[in-house]
Amino acid sequence: MLDKVLLLGLVALPLPLSAQTAERPLTRLRYNRAAVPPDCPDQTELRDAITGQLGYNPFWEDAPRTLSVQLASDEQLHAKLELRDGSGRLLGVRLLTAERQDCRGLAAALVLAINIAIDPLFRSRPRSP
């Protein structure tokens with residue numbers, strides 16, 4: 001499915017060194033999925049998929065960083081991710097586009113992109129029991 005999703009990176013979502021070396025980086029999530037097909041994940045499904053892959057819950061309302069995710073639909077599906085620090089400074093942007101109304105494929109790419117944005121070292125960390 002991922003081969004049907006076109007990934008367009010404007011900025012590589014760089015993270016401050018302190019966030020990269022933290023044990024488990026925490027982020028506030030803002031999710032908007034207005035006017036998209038019903039098979040697109042809701043916020044709970046998205047959080048569950050991210051938590052499942054990371055092996056911990058990275059979402060806390062008082063976290064220093066905010067990840068905004070917006071889904072939109074026209075003839076294609078689009079996802080825009082913006083990562084901001086505690087002062088609102090933009091740290092990075094990622095745009096994802098599915099060439100057809102394939103929300104499952106876009107959601108899989110979205111979860112991976114979010115995991116990398118939150119915790120670039122997530123694949124190398126031991127998982128929680």
# chains A, B, ... in the order shown; residues from 1 in each chain; ligands from 1
$ residues_around --residues "A:Arg123" --least-positions-apart "4" --cutoff "10 Å" --atoms "only C-alpha atoms" --output "mmCIF file with N, CA, C and O atoms, in the first residue's frame"
data_model
loop_
_atom_site.group_PDB
_atom_site.id
_atom_site.type_symbol
_atom_site.label_atom_id
_atom_site.label_comp_id
_atom_site.auth_asym_id
_atom_site.auth_seq_id
_atom_site.Cartn_x
_atom_site.Cartn_y
_atom_site.Cartn_z
ATOM 1 N N GLN A 53 3.308 1.274 17.632
ATOM 2 C CA GLN A 53 4.602 1.166 16.963
ATOM 3 C C GLN A 53 5.748 1.693 17.820
ATOM 4 O O GLN A 53 6.831 1.127 17.823
ATOM 5 N N LEU A 54 5.505 2.796 18.535
ATOM 6 C CA LEU A 54 6.576 3.352 19.369
ATOM 7 C C LEU A 54 6.832 2.498 20.607
ATOM 8 O O LEU A 54 7.936 2.482 21.134
ATOM 9 N N GLY A 55 5.799 1.845 21.095
ATOM 10 C CA GLY A 55 5.935 1.051 22.320
ATOM 11 C C GLY A 55 5.719 1.874 23.581
ATOM 12 O O GLY A 55 5.916 1.387 24.685
ATOM 13 N N ASN A 115 5.800 8.924 13.766
ATOM 14 C CA ASN A 115 6.751 8.243 14.651
ATOM 15 C C ASN A 115 8.164 8.787 14.472
ATOM 16 O O ASN A 115 8.880 9.015 15.449
ATOM 17 N N ILE A 116 8.565 9.011 13.232
ATOM 18 C CA ILE A 116 9.902 9.547 12.968
ATOM 19 C C ILE A 116 10.007 10.980 13.472
ATOM 20 O O ILE A 116 11.030 11.368 14.040
ATOM 21 N N ASP A 119 9.996 10.665 17.472
ATOM 22 C CA ASP A 119 11.119 9.919 18.046
ATOM 23 C C ASP A 119 11.928 9.275 16.919
ATOM 24 O O ASP A 119 11.715 8.118 16.571
ATOM 25 N N ARG A 127 11.661 -1.875 23.372
ATOM 26 C CA ARG A 127 10.232 -1.676 23.599
ATOM 27 C C ARG A 127 9.885 -1.912 25.055
ATOM 28 O O ARG A 127 10.483 -2.743 25.722
#
$ residues_around --residues "A:Arg84" --least-positions-apart "3" --cutoff "6 Å" --atoms "only C-alpha atoms" --output "ChimeraX atom specification"
/A:65-66,88-91
$ select_by_dssp --residues "stretch 49-105 of chain A" --states "strand (DSSP E or B)" --output "list in words"
Phe59, Arg65, Thr66, Leu67, Ser68, Val69, Gln70, Leu71, Ala72, Ser73, Leu77, His78, Ala79, Lys80, Leu81, Glu82, Leu83, Arg84, Leu90, Leu91, Gly92, Val93, Arg94, Leu95, Leu96, Thr97 and Ala98 of chain A
$ select_by_dssp --residues "stretch 24-95 of chain A" --states "helix (DSSP H, G or I)" --output "ChimeraX atom specification"
/A:43-54
$ closest_residue --among "A:Arg30, A:Leu77, A:Gln70, A:Gly52" --to "A:Arg104" --atoms "only C-alpha atoms"
A:Leu77
$ closest_residue --among "A:Leu67, A:Ile50, A:Val36, A:Leu96" --to "A:Ala79" --atoms "only C-alpha atoms"
A:Leu96
$ residues_around --residues "A:Leu26" --least-positions-apart "6" --cutoff "6 Å" --atoms "only C-alpha atoms" --output "list in words"
Pro58, Phe59 and Ala63 of chain A
$ atom_distance --atom1 "atom CA of A:Ala72" --atom2 "atom CA of A:Ala49"
19.8 Å
$ residues_around --residues "A:Pro64" --least-positions-apart "6" --cutoff "8 Å" --atoms "only C-alpha atoms" --output "VMD selection string"
chain A and resid 26 to 28 85 to 86
